[in-house]
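Heads up, the thing below is written out as structure tokens.
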Amino acid sequence: MTPVVRFDRFSKSYRGDAVVEDLSFAVESGSVVGLLGPNGAGKSTAMRGLVGLLHPTSGTASVFGGPFHALANPARRVGVHMDGLGFETGITARRHLEIYRLAAGMPRGRVDEVLEQVDLAPHASKRVKQFSTGMWQRLGLATAVIGDPELLVLDEPANGLDPSGIRWLRGFVRSFADRGGAVLISSHQLAELEQTVDEVVVMRRSVLYAGRLEELTSAGAASLEEGYFDLIDATEGGRRA
């Protein structure tokens with residue numbers, strides 16, 4: 001079976017400096033994969049390459065067996081939530097979602113469904129510029145799922161969420177995968193992510209680990225956080241040496 005997401009030796013350089021190098025991993029249907037790494041590790045670059053916002057220097061990043069730009073109706077296959085995909089702050093949340101609903105070709109009632117799904121129904125008539133950071137995150141997730149996609153690509157969706165919001169996000173992501181969807185998510189909330197993901201990819205320009213969460217934690221690490229820092233510290237030691 002073709003993976004929903006596949007990175008095959010994906011590399012991206014700017015003026016000869018490698019930001020991502022030989023990145024290879026896959027995401028299957030029904031799974032949540034956490035993409036982890038320190039700031040500057042190349043996570044956002046990889047995600048932007050996956051959804052066609054930049055071109056790799058070499059290698060490929062594919063969705064459903066082909067490049068993102070080949071999808072006939074991308075919003076019906078892939079939901080994207082990441083920095084740089086902003087909102088028109090002068091319109092209401094409902095109007096924002098109506099625009100995306102029309103673009104995705106979804107039925108009229110879809111906006112109300114999504115507003116309920118992300119707990120924004122009471123704020124549907126509020127202008128986006130009045131939203132808190134956490135409400136912006138929920139609206140971003142609503143935008144991502146408006147087309148009822150099969151894949152979610154989420155870059156730091158927990159930023160700005162309070163503890164109850166993070167708990168809600170965990171359930172949101174997990175239920176999406178349990179219904180057969182695939183999720184690629186980056187986050188610095190390691191303890192929370194440990195309760196959500198099936199697999200992890202730890203990267204620092206290139207892959208340090210890619211595999212099942214339990215295999216990482218069963219290799220001597222007591223938690224995802226401990227396993228993550230063991231990998232990062234090992235690369236720091238290698239660089240210093």
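Just so we're on the same page: first chain in the structure tokens is A, next is B, and so on; residues restart at 1 for each chain, and ligands are numbered from 1 in the order they show up.
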
Quiz item: Which residues, written as a list in words, have at least one atom at most 9 Å from Gln195 of chain A, with only C-alpha atoms counted and residues fewer than 4 positions away on the same chain left out?
Solution: Arg170, Leu190 and Ala191 of chain A

Would you mind listing, for every residue of segment 140-214 of chain A within 7 Å of segment 36-60 of chain A, the two atoms forming the shortest contact and the distance between them in Å to one decimal, using only C-alpha atoms, sorted by chain and ascending residue number, as CSV?
residue,atom,partner,partner_atom,distance
A:Asp155,CA,A:Ser44,CA,6.9
A:Ser186,CA,A:Leu36,CA,5.9
A:Ser187,CA,A:Leu36,CA,6.6
A:Val201,CA,A:Leu36,CA,6.0
A:Val202,CA,A:Leu36,CA,4.7
A:Met203,CA,A:Gly37,CA,5.2
A:Arg204,CA,A:Ala41,CA,4.4
A:Arg205,CA,A:Ala41,CA,5.1

Taking N, CA and C atoms for each residue, export the selection above as an mmCIF file, in the first residue's frame.
data_model
loop_
_atom_site.group_PDB
_atom_site.id
_atom_site.type_symbol
_atom_site.label_atom_id
_atom_site.label_comp_id
_atom_site.auth_asym_id
_atom_site.auth_seq_id
_atom_site.Cartn_x
_atom_site.Cartn_y
_atom_site.Cartn_z
ATOM 1 N N ASP A 155 1.758 22.207 11.853
ATOM 2 C CA ASP A 155 3.039 22.719 12.326
ATOM 3 C C ASP A 155 2.819 23.519 13.607
ATOM 4 N N SER A 186 4.140 18.577 14.027
ATOM 5 C CA SER A 186 5.343 18.999 14.737
ATOM 6 C C SER A 186 4.922 19.721 16.001
ATOM 7 N N SER A 187 5.716 19.560 17.059
ATOM 8 C CA SER A 187 5.376 20.206 18.323
ATOM 9 C C SER A 187 6.577 20.177 19.244
ATOM 10 N N VAL A 201 9.565 11.037 14.339
ATOM 11 C CA VAL A 201 10.742 11.309 13.513
ATOM 12 C C VAL A 201 11.490 12.439 14.200
ATOM 13 N N VAL A 202 12.689 12.142 14.684
ATOM 14 C CA VAL A 202 13.532 13.158 15.301
ATOM 15 C C VAL A 202 14.573 13.569 14.262
ATOM 16 N N MET A 203 14.634 14.860 13.994
ATOM 17 C CA MET A 203 15.553 15.325 12.967
ATOM 18 C C MET A 203 16.353 16.524 13.457
ATOM 19 N N ARG A 204 17.523 16.614 12.915
ATOM 20 C CA ARG A 204 18.343 17.810 13.066
ATOM 21 C C ARG A 204 19.078 17.957 11.744
ATOM 22 N N ARG A 205 18.392 18.548 10.805
ATOM 23 C CA ARG A 205 18.774 18.640 9.392
ATOM 24 C C ARG A 205 18.560 17.299 8.700
#

Self-check item: Polymer residues at most 12 Å from Leu161 of chain A, only C-alpha atoms, same-chain spacing of 4 or more positions, as a list of chain:residue names
Solution: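 The filter keeps A:Ser132, A:Thr133, A:Gly134, A:Met135, A:Trp136, A:Gln137, A:Arg138, A:Glu156, A:Pro157, A:Gly165, A:Ile166, A:Arg167, A:Trp168, A:Leu169, A:Arg170, A:Gln189.
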
Exercise. Within 10 Å of Gly66 of chain A, counting only C-alpha atoms, which residues show up once you throw out same-chain ones fewer than 4 positions away? Write them as a ChimeraX atom specification, please.
Key: /A:4-6,60-62,70-71

Quiz item: Which polymer residues have any atom within 10 Å of an atom of Thr2 of chain A, counting only C-alpha atoms, with same-chain residues fewer than 6 positions away left out, as an NGL selection string?
Solution: :A and (26-29 or 63-65)

Do you have, as JSON lines, the list of residues of segment 150-207 of chain A lying at most 6 Å from segment 76-98 of chain A, each with its nearest atom pair and that distance in Å to one decimal, counting only C-alpha atoms and ordered by chain then number?
{"residue": "A:Glu150", "atom": "CA", "partner": "A:Arg77", "partner_atom": "CA", "distance": 5.2}
{"residue": "A:Leu151", "atom": "CA", "partner": "A:Val78", "partner_atom": "CA", "distance": 4.8}
{"residue": "A:Leu152", "atom": "CA", "partner": "A:Gly79", "partner_atom": "CA", "distance": 4.7}
{"residue": "A:Val153", "atom": "CA", "partner": "A:Val80", "partner_atom": "CA", "distance": 4.9}
{"residue": "A:Leu154", "atom": "CA", "partner": "A:His81", "partner_atom": "CA", "distance": 4.9}
{"residue": "A:Asp155", "atom": "CA", "partner": "A:Met82", "partner_atom": "CA", "distance": 4.8}
